[in-house]
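Student: Next comes the structure file work.txt, holding compact mmCIF, C-alpha atoms.
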# COMPACT_ATOMS: atom_id res chain seq x y z
CA MET A 842 -49.99 68.91 -22.78
CA ALA A 843 -52.38 70.13 -20.17
CA GLU A 844 -51.93 68.71 -16.72
CA SER A 845 -54.95 66.58 -15.99
CA GLU A 846 -55.07 65.77 -12.29
CA SER A 847 -58.33 63.91 -12.61
CA SER A 848 -59.66 62.43 -9.44
CA ALA A 849 -59.86 58.98 -11.04
CA GLY A 850 -56.43 58.67 -12.69
CA LEU A 851 -52.96 59.16 -11.39
CA GLY A 852 -51.54 62.50 -12.53
CA ARG A 853 -48.15 62.69 -14.19
CA ARG A 854 -46.85 65.02 -11.48
CA THR A 855 -48.00 62.73 -8.68
CA PHE A 856 -46.52 59.74 -10.46
CA VAL A 857 -43.11 61.37 -10.91
CA THR A 858 -43.06 62.57 -7.29
CA GLY A 859 -43.93 59.07 -6.15
CA VAL A 860 -41.24 57.43 -8.29
CA VAL A 861 -38.62 59.91 -7.08
CA GLY A 862 -39.65 59.28 -3.49
CA LEU A 863 -39.56 55.52 -4.01
CA LEU A 864 -36.11 55.57 -5.64
CA GLY A 865 -34.85 57.92 -2.94
CA GLY A 866 -36.14 55.54 -0.29
CA ILE A 867 -34.44 52.57 -1.95
CA ILE A 868 -31.12 54.44 -2.21
CA ALA A 869 -31.39 55.58 1.42
CA ALA A 870 -32.08 51.99 2.47
CA VAL A 871 -29.14 50.62 0.45
CA VAL A 872 -26.79 52.97 2.30
CA GLY A 873 -28.65 53.29 5.58
CA LEU A 874 -29.36 49.66 6.48
CA PRO A 875 -25.77 48.43 5.98
CA ALA A 876 -24.64 51.48 7.97
CA ILE A 877 -26.45 50.06 11.01
CA GLY A 878 -24.47 46.82 10.72
CA TYR A 879 -21.33 48.84 10.07
CA TRP A 880 -21.82 50.77 13.28
CA LEU A 881 -22.87 47.80 15.41
CA GLY A 882 -20.54 45.11 13.96
CA PRO A 883 -17.61 45.30 16.39
CA SER A 884 -19.93 46.16 19.30
CA LEU A 885 -21.62 42.79 19.08
CA LYS A 886 -18.39 40.81 18.83
CA LYS A 887 -17.54 38.75 21.88
CA GLN A 888 -14.54 40.38 23.53
CA ALA A 889 -13.59 37.90 26.24
CA SER A 890 -11.99 34.70 25.07
CA ASP A 891 -10.60 31.60 26.68
CA ALA A 892 -8.27 28.86 25.55
CA TRP A 893 -6.65 25.67 26.70
CA VAL A 894 -2.92 26.19 26.42
CA PRO A 895 -0.74 23.04 26.26
CA LEU A 896 2.32 23.10 28.51
CA GLY A 897 3.81 19.78 27.45
CA PRO A 898 3.80 16.11 28.51
CA VAL A 899 3.04 15.62 32.19
CA GLU A 900 5.87 13.12 32.66
CA ASN A 901 8.43 15.77 31.63
CA ILE A 902 7.39 18.08 34.45
CA PRO A 903 9.89 17.80 37.34
CA GLN A 904 8.47 16.24 40.47
CA ASP A 905 8.04 18.17 43.71
CA VAL A 906 9.63 21.33 42.31
CA PRO A 907 7.47 24.28 41.23
CA THR A 908 8.42 24.75 37.57
CA LEU A 909 7.71 27.91 35.62
CA PHE A 910 6.07 27.68 32.22
CA THR A 911 5.73 30.87 30.20
CA PHE A 912 3.75 31.61 27.09
CA THR A 913 2.42 34.64 25.28
CA ARG A 914 -1.04 35.16 23.91
CA THR A 915 -2.03 37.87 21.46
CA GLN A 916 -5.39 39.56 21.40
CA GLN A 917 -6.77 41.69 18.62
CA VAL A 918 -9.17 44.54 19.18
CA GLY A 919 -10.15 46.10 15.88
CA TRP A 920 -6.84 46.22 14.00
CA GLU A 921 -4.72 46.55 17.12
CA ARG A 922 -2.87 43.53 18.42
CA SER A 923 -1.55 43.31 21.93
CA ALA A 924 0.38 40.52 23.58
CA THR A 925 0.01 39.29 27.13
CA SER A 926 2.63 37.04 28.66
CA TYR A 927 1.59 34.42 31.17
CA GLY A 928 3.62 32.51 33.73
CA VAL A 929 2.37 29.31 35.33
CA TYR A 930 4.14 27.54 38.18
CA VAL A 931 3.27 23.87 37.84
CA LEU A 932 3.88 21.63 40.81
CA ARG A 933 3.67 17.89 40.25
CA SER A 934 3.90 15.89 43.42
CA ALA A 935 5.04 12.30 43.63
CA ASP A 936 1.51 11.00 44.09
CA GLY A 937 0.48 12.54 40.78
CA GLN A 938 -1.23 15.63 42.20
CA ILE A 939 -0.87 18.72 40.08
CA GLN A 940 -1.34 22.39 40.89
CA ALA A 941 -0.99 25.27 38.43
CA LEU A 942 -0.42 28.66 40.03
CA SER A 943 -0.29 32.00 38.30
CA ASN A 944 2.97 33.84 38.87
CA VAL A 945 1.12 37.15 39.08
CA CYS A 946 1.18 38.54 42.60
CA THR A 947 -2.32 39.27 43.85
CA HIS A 948 -1.14 42.53 45.36
CA LEU A 949 -0.08 44.72 42.41
CA SER A 950 0.53 42.15 39.66
CA CYS A 951 4.31 41.88 39.92
CA ARG A 952 5.70 38.47 38.98
CA VAL A 953 6.56 36.14 41.82
CA THR A 954 9.48 33.71 41.64
CA TRP A 955 9.98 30.38 43.36
CA ASN A 956 12.70 30.47 46.00
CA ALA A 957 13.76 26.86 46.61
CA GLU A 958 15.97 27.66 49.60
CA ARG A 959 13.26 29.35 51.60
CA ASN A 960 10.49 27.16 50.14
CA ILE A 961 8.33 30.18 49.21
CA TYR A 962 7.19 32.21 46.27
CA LEU A 963 8.70 35.64 46.62
CA CYS A 964 7.29 38.83 45.19
CA PRO A 965 10.12 41.32 44.61
CA CYS A 966 7.98 44.44 44.66
CA HIS A 967 6.62 44.55 48.21
CA ASP A 968 8.15 41.46 49.75
CA GLY A 969 5.06 39.30 49.50
CA HIS A 970 5.60 35.68 50.51
CA PHE A 971 3.44 32.81 49.34
CA ALA A 972 3.63 29.22 50.46
CA ARG A 973 4.24 26.26 48.17
CA ASP A 974 0.47 25.89 47.65
CA GLY A 975 0.04 29.60 46.96
CA ALA A 976 -1.30 30.52 50.40
CA ILE A 977 -0.35 33.82 51.98
CA VAL A 978 2.63 33.64 54.30
CA SER A 979 3.34 37.31 54.81
CA GLY A 980 3.11 40.59 52.94
CA PRO A 981 0.48 43.01 51.63
CA GLN A 982 -1.25 40.66 49.20
CA PRO A 983 -5.03 40.32 49.66
CA ARG A 984 -5.46 36.70 48.57
CA PRO A 985 -3.50 33.56 47.69
CA LEU A 986 -1.97 33.11 44.23
CA ASP A 987 -4.56 32.48 41.54
CA ARG A 988 -4.90 28.96 40.24
CA PHE A 989 -5.32 27.91 36.64
CA ALA A 990 -7.84 25.24 35.87
CA PHE A 991 -6.06 22.40 34.10
CA LYS A 992 -6.69 19.09 32.42
CA ILE A 993 -4.62 16.26 31.03
CA GLU A 994 -5.29 15.02 27.52
CA ASP A 995 -3.19 12.21 26.01
CA GLY A 996 -0.55 12.82 28.66
CA THR A 997 -0.31 16.53 27.88
CA LEU A 998 -1.02 19.15 30.52
CA LEU A 999 -3.26 21.99 29.44
CA VAL A 1000 -4.13 25.07 31.48
CA HIS A 1001 -7.23 27.13 31.01
CA VAL A 1002 -6.51 30.77 30.19
CA VAL A 1003 -9.39 33.24 30.40
CA GLU A 1004 -8.76 36.65 28.89
CA ALA A 1005 -10.73 39.47 30.36
CA MET B 1248 -54.48 64.25 12.53
CA ALA B 1249 -51.27 64.05 10.50
CA ALA B 1250 -52.66 66.63 8.09
CA ARG B 1251 -53.47 68.98 10.97
CA ALA B 1252 -50.02 68.50 12.49
CA PHE B 1253 -48.45 69.22 9.13
CA ARG B 1254 -50.55 72.38 8.68
CA TRP B 1255 -49.58 73.54 12.16
CA LEU B 1256 -45.90 73.17 11.26
CA ASP B 1257 -46.40 74.56 7.76
CA ASP B 1258 -48.04 77.72 9.12
CA ARG B 1259 -44.97 78.37 11.21
CA LEU B 1260 -42.11 77.03 9.05
CA GLY B 1261 -43.43 77.73 5.57
CA LEU B 1262 -42.58 74.21 4.39
CA THR B 1263 -44.89 74.33 1.37
CA GLY B 1264 -43.26 77.58 0.32
CA ILE B 1265 -39.80 76.03 0.52
CA TYR B 1266 -40.94 72.97 -1.42
CA ARG B 1267 -42.53 75.10 -4.17
CA THR B 1268 -39.47 77.34 -4.45
CA VAL B 1269 -36.99 74.49 -4.56
CA PHE B 1270 -38.81 71.78 -6.49
CA ASP B 1271 -41.72 73.35 -8.36
CA ARG B 1272 -39.54 75.69 -10.39
CA LYS B 1273 -40.46 76.48 -13.95
CA VAL B 1274 -37.94 74.95 -16.29
CA PRO B 1275 -37.50 75.30 -20.05
CA LYS B 1276 -37.60 72.19 -22.20
CA VAL B 1277 -34.26 70.61 -21.46
CA ASN B 1278 -32.45 67.29 -21.93
CA TRP B 1279 -30.71 64.71 -19.77
CA ALA B 1280 -27.49 66.76 -19.68
CA PHE B 1281 -29.35 69.07 -17.29
CA THR B 1282 -29.42 66.36 -14.65
CA LEU B 1283 -25.62 66.45 -14.17
CA GLY B 1284 -25.78 69.13 -11.49
CA SER B 1285 -28.31 67.14 -9.48
CA ALA B 1286 -26.23 64.01 -9.99
CA THR B 1287 -23.18 65.84 -8.64
CA LEU B 1288 -25.15 67.11 -5.65
CA PHE B 1289 -26.39 63.59 -4.95
CA LEU B 1290 -22.83 62.25 -5.10
CA ALA B 1291 -21.62 65.05 -2.81
CA VAL B 1292 -24.23 64.06 -0.22
CA LEU B 1293 -23.32 60.38 -0.64
CA GLN B 1294 -19.63 61.22 -0.16
CA GLY B 1295 -20.50 63.17 2.96
CA VAL B 1296 -22.56 60.36 4.49
CA THR B 1297 -20.13 57.55 3.64
CA GLY B 1298 -17.18 59.74 4.66
CA VAL B 1299 -18.67 60.39 8.08
CA PHE B 1300 -19.13 56.66 8.53
CA LEU B 1301 -15.52 55.95 7.50
CA THR B 1302 -14.26 58.16 10.33
CA VAL B 1303 -15.87 55.74 12.79
CA TYR B 1304 -12.87 53.41 12.28
CA TYR B 1305 -10.24 55.33 10.32
CA VAL B 1306 -7.18 56.63 12.19
CA PRO B 1307 -4.94 59.21 10.47
CA HIS B 1308 -1.63 57.92 11.76
CA PRO B 1309 1.13 56.29 9.68
CA GLU B 1310 1.15 53.18 11.85
CA GLN B 1311 -2.60 52.76 11.94
CA ALA B 1312 -4.06 54.33 8.77
CA TYR B 1313 -3.42 51.34 6.52
CA GLU B 1314 -4.41 48.87 9.23
CA SER B 1315 -7.61 50.70 10.05
CA VAL B 1316 -8.61 50.88 6.37
CA ASN B 1317 -7.81 47.20 6.08
CA TYR B 1318 -10.02 46.60 9.11
CA ILE B 1319 -12.86 48.55 7.50
CA MET B 1320 -12.53 46.38 4.38
CA THR B 1321 -12.27 43.00 6.10
CA GLY B 1322 -13.36 43.28 9.73
CA VAL B 1323 -16.45 45.49 9.76
CA PRO B 1324 -19.81 44.37 8.36
CA PHE B 1325 -20.48 46.29 5.11
CA GLY B 1326 -17.22 48.21 5.55
CA TRP B 1327 -16.37 47.22 1.99
CA LEU B 1328 -19.66 48.76 0.86
CA ILE B 1329 -19.24 52.06 2.73
CA ARG B 1330 -15.64 52.48 1.57
CA GLY B 1331 -16.46 51.21 -1.92
CA LEU B 1332 -19.20 53.81 -2.30
CA HIS B 1333 -16.82 56.52 -1.05
CA HIS B 1334 -14.01 55.35 -3.33
CA TRP B 1335 -16.05 55.05 -6.52
CA GLY B 1336 -18.27 57.99 -5.61
CA ALA B 1337 -15.18 60.19 -5.53
CA THR B 1338 -14.16 59.18 -9.05
CA LEU B 1339 -17.70 59.47 -10.34
CA MET B 1340 -18.12 62.89 -8.75
CA VAL B 1341 -15.09 64.29 -10.58
CA ILE B 1342 -16.56 62.95 -13.82
CA THR B 1343 -20.04 64.43 -13.22
CA VAL B 1344 -18.55 67.77 -12.15
CA VAL B 1345 -16.51 68.01 -15.34
CA LEU B 1346 -19.44 66.94 -17.55
CA HIS B 1347 -21.67 69.43 -15.73
CA MET B 1348 -19.14 72.17 -16.46
CA LEU B 1349 -18.85 71.16 -20.11
CA ARG B 1350 -22.62 71.28 -20.50
CA THR B 1351 -22.72 74.72 -18.93
CA PHE B 1352 -19.91 75.89 -21.15
CA PHE B 1353 -21.21 74.56 -24.46
CA TYR B 1354 -24.78 75.71 -23.77
CA ALA B 1355 -23.34 79.12 -22.84
CA ALA B 1356 -25.24 78.95 -19.57
CA TYR B 1357 -22.48 80.87 -17.77
CA LYS B 1358 -23.51 84.18 -19.38
CA TYR B 1359 -25.43 87.03 -17.77
CA PRO B 1360 -26.95 86.81 -15.19
CA ARG B 1361 -25.29 83.53 -14.20
CA GLU B 1362 -21.62 84.58 -13.97
CA ILE B 1363 -21.45 84.07 -10.22
CA THR B 1364 -23.02 80.62 -10.56
CA TRP B 1365 -20.22 79.84 -13.01
CA ILE B 1366 -17.50 81.25 -10.72
CA THR B 1367 -18.73 79.31 -7.69
CA GLY B 1368 -18.97 76.28 -9.98
CA VAL B 1369 -15.31 76.62 -10.97
CA LEU B 1370 -14.38 76.92 -7.28
CA LEU B 1371 -16.49 73.83 -6.58
CA LEU B 1372 -14.56 71.98 -9.28
CA LEU B 1373 -11.29 72.94 -7.60
CA VAL B 1374 -12.56 71.95 -4.15
CA THR B 1375 -13.77 68.62 -5.55
CA LEU B 1376 -10.33 67.95 -7.04
CA GLY B 1377 -8.81 68.98 -3.70
CA MET B 1378 -11.05 66.47 -1.95
CA GLY B 1379 -9.87 63.80 -4.36
CA PHE B 1380 -6.22 64.75 -3.88
CA THR B 1381 -6.32 64.84 -0.07
CA GLY B 1382 -8.50 61.74 0.20
CA TYR B 1383 -6.13 59.75 -1.99
CA LEU B 1384 -3.37 59.91 0.64
CA LEU B 1385 -5.48 58.70 3.55
CA PRO B 1386 -5.24 54.90 3.02
CA TRP B 1387 -1.45 55.39 3.41
CA ASN B 1388 -0.53 52.59 1.04
CA GLN B 1389 2.31 52.71 -1.49
CA ARG B 1390 0.14 54.19 -4.20
CA ALA B 1391 -1.20 56.88 -1.88
CA TYR B 1392 2.24 57.75 -0.56
CA TRP B 1393 3.92 58.10 -3.94
CA ALA B 1394 0.96 59.79 -5.61
CA THR B 1395 1.11 62.47 -2.93
CA THR B 1396 4.89 62.66 -3.21
CA VAL B 1397 4.52 63.35 -6.93
CA GLY B 1398 1.51 65.64 -6.50
CA THR B 1399 3.15 67.86 -3.92
CA SER B 1400 6.40 67.87 -5.93
CA ILE B 1401 4.46 69.27 -8.88
CA ALA B 1402 3.31 72.11 -6.64
CA GLY B 1403 7.00 72.61 -5.83
CA THR B 1404 7.80 73.46 -9.45
CA VAL B 1405 5.95 76.78 -9.28
CA PRO B 1406 8.53 79.58 -9.85
CA TRP B 1407 9.75 81.37 -6.75
CA VAL B 1408 7.12 80.18 -4.24
CA GLY B 1409 7.11 76.51 -5.27
CA PRO B 1410 9.23 75.16 -2.40
CA ILE B 1411 7.15 77.10 0.12
CA ILE B 1412 3.90 75.68 -1.29
CA GLU B 1413 5.36 72.20 -1.32
CA GLN B 1414 6.46 72.40 2.29
CA ALA B 1415 3.16 74.00 3.33
CA LEU B 1416 1.31 71.09 1.74
CA ARG B 1417 3.59 68.46 3.26
CA GLY B 1418 4.03 70.06 6.66
CA GLY B 1419 7.79 69.86 6.15
CA THR B 1420 10.25 68.80 3.50
CA ASP B 1421 9.18 65.17 3.51
CA LEU B 1422 5.97 63.19 3.52
CA THR B 1423 5.46 62.37 7.17
CA THR B 1424 2.81 61.91 9.83
CA LEU B 1425 2.31 65.68 9.62
CA THR B 1426 1.35 65.36 5.96
CA LEU B 1427 -1.19 62.68 6.78
CA THR B 1428 -2.85 64.61 9.59
CA ARG B 1429 -3.09 67.86 7.63
CA PHE B 1430 -4.46 66.08 4.58
CA PHE B 1431 -6.99 64.41 6.85
CA SER B 1432 -7.95 67.76 8.40
CA ALA B 1433 -8.30 69.34 4.97
CA HIS B 1434 -10.26 66.36 3.70
CA ILE B 1435 -12.84 66.16 6.47
CA TRP B 1436 -13.05 69.77 7.77
CA MET B 1437 -11.67 72.54 5.62
CA LEU B 1438 -12.59 71.44 2.12
CA PRO B 1439 -16.06 70.15 3.12
CA ALA B 1440 -16.74 73.47 4.85
CA ALA B 1441 -15.74 75.31 1.67
CA LEU B 1442 -17.80 72.86 -0.38
CA LEU B 1443 -20.87 73.40 1.78
CA GLY B 1444 -20.66 77.18 1.55
CA LEU B 1445 -20.09 77.18 -2.19
CA ILE B 1446 -22.89 74.68 -2.81
CA GLY B 1447 -25.16 76.97 -0.79
CA VAL B 1448 -24.39 79.97 -3.00
CA HIS B 1449 -24.49 77.87 -6.17
CA MET B 1450 -27.88 76.36 -5.33
CA TYR B 1451 -29.31 79.67 -4.20
CA LEU B 1452 -28.38 81.19 -7.55
CA VAL B 1453 -29.78 78.22 -9.50
CA ILE B 1454 -33.09 78.60 -7.65
CA ARG B 1455 -33.11 82.38 -7.83
CA LEU B 1456 -32.21 82.69 -11.52
CA GLY B 1457 -33.71 79.46 -12.86
CA ILE B 1458 -31.91 77.41 -15.46
CA SER B 1459 -31.13 78.52 -18.96
CA HIS B 1460 -32.70 76.90 -22.00
CA VAL B 1461 -30.89 74.90 -24.64
CA PRO B 1462 -29.65 77.55 -27.08
CA ALA B 1463 -31.10 77.43 -30.57
CA ALA B 1464 -28.78 76.90 -33.53
CA ASP B 1465 -28.85 80.56 -34.58
CA GLU B 1466 -28.46 81.97 -31.07
Here is a file; write its structure as structure tokens.
Tutor:
Amino acid sequence: MAESESSAGLGRRTFVTGVVGLLGGIIAAVVGLPAIGYWLGPSLKKQASDAWVPLGPVENIPQDVPTLFTFTRTQQVGWERSATSYGVYVLRSADGQIQALSNVCTHLSCRVTWNAERNIYLCPCHDGHFARDGAIVSGPQPRPLDRFAFKIEDGTLLVHVVEA
Amino acid sequence: MAARAFRWLDDRLGLTGIYRTVFDRKVPKVNWAFTLGSATLFLAVLQGVTGVFLTVYYVPHPEQAYESVNYIMTGVPFGWLIRGLHHWGATLMVITVVLHMLRTFFYAAYKYPREITWITGVLLLLVTLGMGFTGYLLPWNQRAYWATTVGTSIAGTVPWVGPIIEQALRGGTDLTTLTLTRFFSAHIWMLPAALLGLIGVHMYLVIRLGISHVPAADE
């Protein structure tokens, strides 16, 4: 069984080396190519999300009184779930105008509460005062209360929640 | 150009020499049973590669281990493939290691001058079983938890030192978060380090001594 590496034909040794290399390449590709997707998968997933959250029929919302609606939304990153609670002060005026204010103080994210007597939103942390329309009255806050975009569908009020 | 670059490197690194020593060894006429060592080595490398990738998402904590494995299986592209290869590769590796040992034993290939190859091989068998044992706990599901409870309890039946061994394995009297983290550490650092060193010696000896022939009937 003499090794005949003739210039014309393919030698046995070269053939075996080639086949081993080819099989090795295939095996490496079977593991290696999916590994790229495995590594990149979660990286390419869109993190930010938004949703229209229904708060109930518009006619049930008290008129001319800022009314607090609260709801919780859960996010999942990988296998970890976390919940964020939201508070929306909805003010429906007699003429049908609606405003939806976030109850998160723009100073350091404490929750403001509506004080009917004094006709202001009051932040308990650093005594921030906001007017009925969310404008700054007094206090350390840098900007008025944030507003939620909203829409009415079939008589139901929905606010637009954007998660960072 | 490529040939010149290769020769430049070869002159300095001795690549051709390494290739000849490792792959162009003279071998006696052997059969397919002689591929079991190579098969085991291949599986060891595959376990290493897939294992490294699993650590991208796996968290060794009782509250997150199961969830993170679940995430690998359902949330990550090809996670099922990477973990599947690791899972089945582990089982297959134990099988090939044992068959490899049986071949060596029945062909009497452990005899002079290959005693140290045999001894490192036995240690490699033990390390492989240790890898299987420690890896089995990591998904932290019911099967993993109770298998490890039973396994470590068996170690506890050793006369005199049993309870000490059991507690050393568990990191306490019970199976807790400490058990999980030490099994994880053993599985990805200590045992692989031992495996790597032993494979190095084992392979060096295989290359240095060559492989034995199939014994004749009257040998």
Student: With the cut-off set at 8 Å and counting only C-alpha atoms, tabulate each residue of chain B with an atom at most that distance from an atom of chain A, showing the nearest atom pair and its distance in Å to one decimal, ordered by chain and increasing number, as CSV.
Tutor:
residue,atom,partner,partner_atom,distance
B:Phe1300,CA,A:Ala876,CA,7.6
B:Val1303,CA,A:Trp880,CA,7.8
B:Glu1314,CA,A:Trp920,CA,6.0
B:Ser1315,CA,A:Trp920,CA,6.0
B:Tyr1318,CA,A:Trp920,CA,5.8
B:Gly1322,CA,A:Gly919,CA,7.5
B:Val1323,CA,A:Gly882,CA,5.9
B:Pro1324,CA,A:Tyr879,CA,5.0
B:Phe1325,CA,A:Tyr879,CA,5.6
B:Gly1326,CA,A:Tyr879,CA,6.1
B:Leu1328,CA,A:Pro875,CA,8.0
B:Ile1329,CA,A:Ala876,CA,7.5
Student: Mind writing the picked residues with C-alpha atoms as a short mmCIF file (atom, residue, chain, number, x, y, z; two decimals), in the frame of the given file?
Tutor:
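out_23.cif, written as the output of this step:
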data_model
loop_
_atom_site.label_atom_id
_atom_site.label_comp_id
_atom_site.auth_asym_id
_atom_site.auth_seq_id
_atom_site.Cartn_x
_atom_site.Cartn_y
_atom_site.Cartn_z
CA PHE B 1300 -19.13 56.66 8.53
CA VAL B 1303 -15.87 55.74 12.79
CA GLU B 1314 -4.41 48.87 9.23
CA SER B 1315 -7.61 50.70 10.05
CA TYR B 1318 -10.02 46.60 9.11
CA GLY B 1322 -13.36 43.28 9.73
CA VAL B 1323 -16.45 45.49 9.76
CA PRO B 1324 -19.81 44.37 8.36
CA PHE B 1325 -20.48 46.29 5.11
CA GLY B 1326 -17.22 48.21 5.55
CA LEU B 1328 -19.66 48.76 0.86
CA ILE B 1329 -19.24 52.06 2.73
#
Student: How far is it from CA of Asn1278 (chain B) to CA of His1460 (chain B), in Å with one decimal?
Tutor: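 Distance between the two atoms: 9.6 Å.
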Student: Near region 1353-1360 of chain B, counting all atoms listed in the file, which residues have an atom at most 9 Å away, once you skip same-chain residues fewer than 4 positions from it, shown as an NGL selection string?
Tutor: :B and (1348-1349 or 1364-1366 or 1456 or 1458-1462)
Student: So the first atom is CA of Met1340 (chain B) and the second is CA of Ala870 (chain A); what is the distance between them in Å, to one decimal place?
Tutor: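 Straight-line distance from CA of Met1340 (chain B) to CA of Ala870 (chain A) works out to 21.0 Å.
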Student: Centre and edge lengths of an axis-aligned box around all listed atoms of region 867-879 of chain A, with 8 Å added on each side, are to be given in Å to one decimal, as AutoDock Vina command-line options.
Tutor:
--center_x -27.9 --center_y 51.2 --center_z 4.4 --size_x 29.1 --size_y 24.8 --size_z 29.2
Student: Between CA of Cys946 (chain A) and CA of Gln982 (chain A), what is the spacing in Å?
Tutor: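 That distance, rounded to one decimal, is 7.3 Å.
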Student: Excluding region 1373-1376 of chain B and its own-chain neighbours fewer than 5 positions away, which residues fall within 9 Å of it when counting all atoms listed in the file? Please give them as a PDB file with C-alpha atoms, keeping the file's coordinate frame.
Tutor:
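Printed below is around13.pdb as written:
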ATOM      1  CA  ALA B1337     -15.180  60.190  -5.530  1.00  0.00           C
ATOM      2  CA  MET B1340     -18.120  62.890  -8.750  1.00  0.00           C
ATOM      3  CA  VAL B1341     -15.090  64.290 -10.580  1.00  0.00           C
ATOM      4  CA  VAL B1344     -18.550  67.770 -12.150  1.00  0.00           C
ATOM      5  CA  GLY B1368     -18.970  76.280  -9.980  1.00  0.00           C
ATOM      6  CA  THR B1381      -6.320  64.840  -0.070  1.00  0.00           C
ATOM      7  CA  LEU B1438     -12.590  71.440   2.120  1.00  0.00           C
ATOM      8  CA  PRO B1439     -16.060  70.150   3.120  1.00  0.00           C
ATOM      9  CA  ALA B1441     -15.740  75.310   1.670  1.00  0.00           C
ATOM     10  CA  LEU B1442     -17.800  72.860  -0.380  1.00  0.00           C
TER      11      LEU B1442
END
Student: Can you pull out the residues contacting region 951-964 of chain A? Cut-off 10 Å, using only C-alpha atoms, and skip same-chain residues under 2 positions away; I want them as JSON, numbers by chain.
Tutor: {"A": [906, 907, 908, 909, 927, 928, 930, 943, 944, 945, 946, 947, 948, 949, 966, 967, 968, 969, 970, 971, 972, 973, 974, 975, 976, 977, 978, 979, 980, 982, 986]}
Student: Using only C-alpha atoms, can you tell me which of B:Thr1426, B:Tyr1313, B:Gly1331, B:Ala1415 comes closest to Arg1390 (chain B)?
Tutor: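 Using only C-alpha atoms, Arg1390 (chain B) sits closest to B:Tyr1313.
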Student: Please identify all polymer residues within 6 Å of region 1282-1299 of chain B, counting only C-alpha atoms, omitting same-chain residues fewer than 3 positions from it, and present them as a list of chain:residue names.
Tutor: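 Here the qualifying residues turn out to be B:Trp1279, B:Thr1302, B:Ile1329, B:His1333, B:Met1340, B:Thr1343, B:His1347.
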Student: Could I get region 1259-1273 of chain B rebuilt with N, CA and C atoms, written as a compact mmCIF listing (two decimals), keeping the file's coordinate frame?
Tutor:
# COMPACT_ATOMS: atom_id res chain seq x y z
N ARG B 1259 -46.07 77.73 10.48
CA ARG B 1259 -44.97 78.37 11.21
C ARG B 1259 -43.64 78.32 10.46
N LEU B 1260 -43.40 77.21 9.71
CA LEU B 1260 -42.11 77.03 9.05
C LEU B 1260 -42.14 77.37 7.56
N GLY B 1261 -43.33 77.44 7.00
CA GLY B 1261 -43.43 77.73 5.57
C GLY B 1261 -42.88 76.62 4.70
N LEU B 1262 -43.15 75.36 5.11
CA LEU B 1262 -42.58 74.21 4.39
C LEU B 1262 -43.05 74.14 2.93
N THR B 1263 -44.36 74.39 2.74
CA THR B 1263 -44.89 74.33 1.37
C THR B 1263 -44.20 75.36 0.48
N GLY B 1264 -43.95 76.52 1.07
CA GLY B 1264 -43.26 77.58 0.32
C GLY B 1264 -41.87 77.15 -0.10
N ILE B 1265 -41.15 76.51 0.84
CA ILE B 1265 -39.80 76.03 0.52
C ILE B 1265 -39.86 74.98 -0.58
N TYR B 1266 -40.80 74.05 -0.44
CA TYR B 1266 -40.94 72.97 -1.42
C TYR B 1266 -41.21 73.55 -2.81
N ARG B 1267 -42.18 74.51 -2.86
CA ARG B 1267 -42.53 75.10 -4.17
C ARG B 1267 -41.33 75.81 -4.78
N THR B 1268 -40.60 76.56 -3.93
CA THR B 1268 -39.47 77.34 -4.45
C THR B 1268 -38.37 76.42 -4.97
N VAL B 1269 -38.13 75.35 -4.21
CA VAL B 1269 -36.99 74.49 -4.56
C VAL B 1269 -37.34 73.51 -5.68
N PHE B 1270 -38.50 72.87 -5.56
CA PHE B 1270 -38.81 71.78 -6.49
C PHE B 1270 -39.79 72.15 -7.60
N ASP B 1271 -40.72 73.03 -7.33
CA ASP B 1271 -41.72 73.35 -8.36
C ASP B 1271 -41.30 74.56 -9.19
N ARG B 1272 -40.03 74.58 -9.56
CA ARG B 1272 -39.54 75.69 -10.39
C ARG B 1272 -39.96 75.47 -11.84
N LYS B 1273 -40.16 76.58 -12.53
CA LYS B 1273 -40.46 76.48 -13.95
C LYS B 1273 -39.15 76.24 -14.68
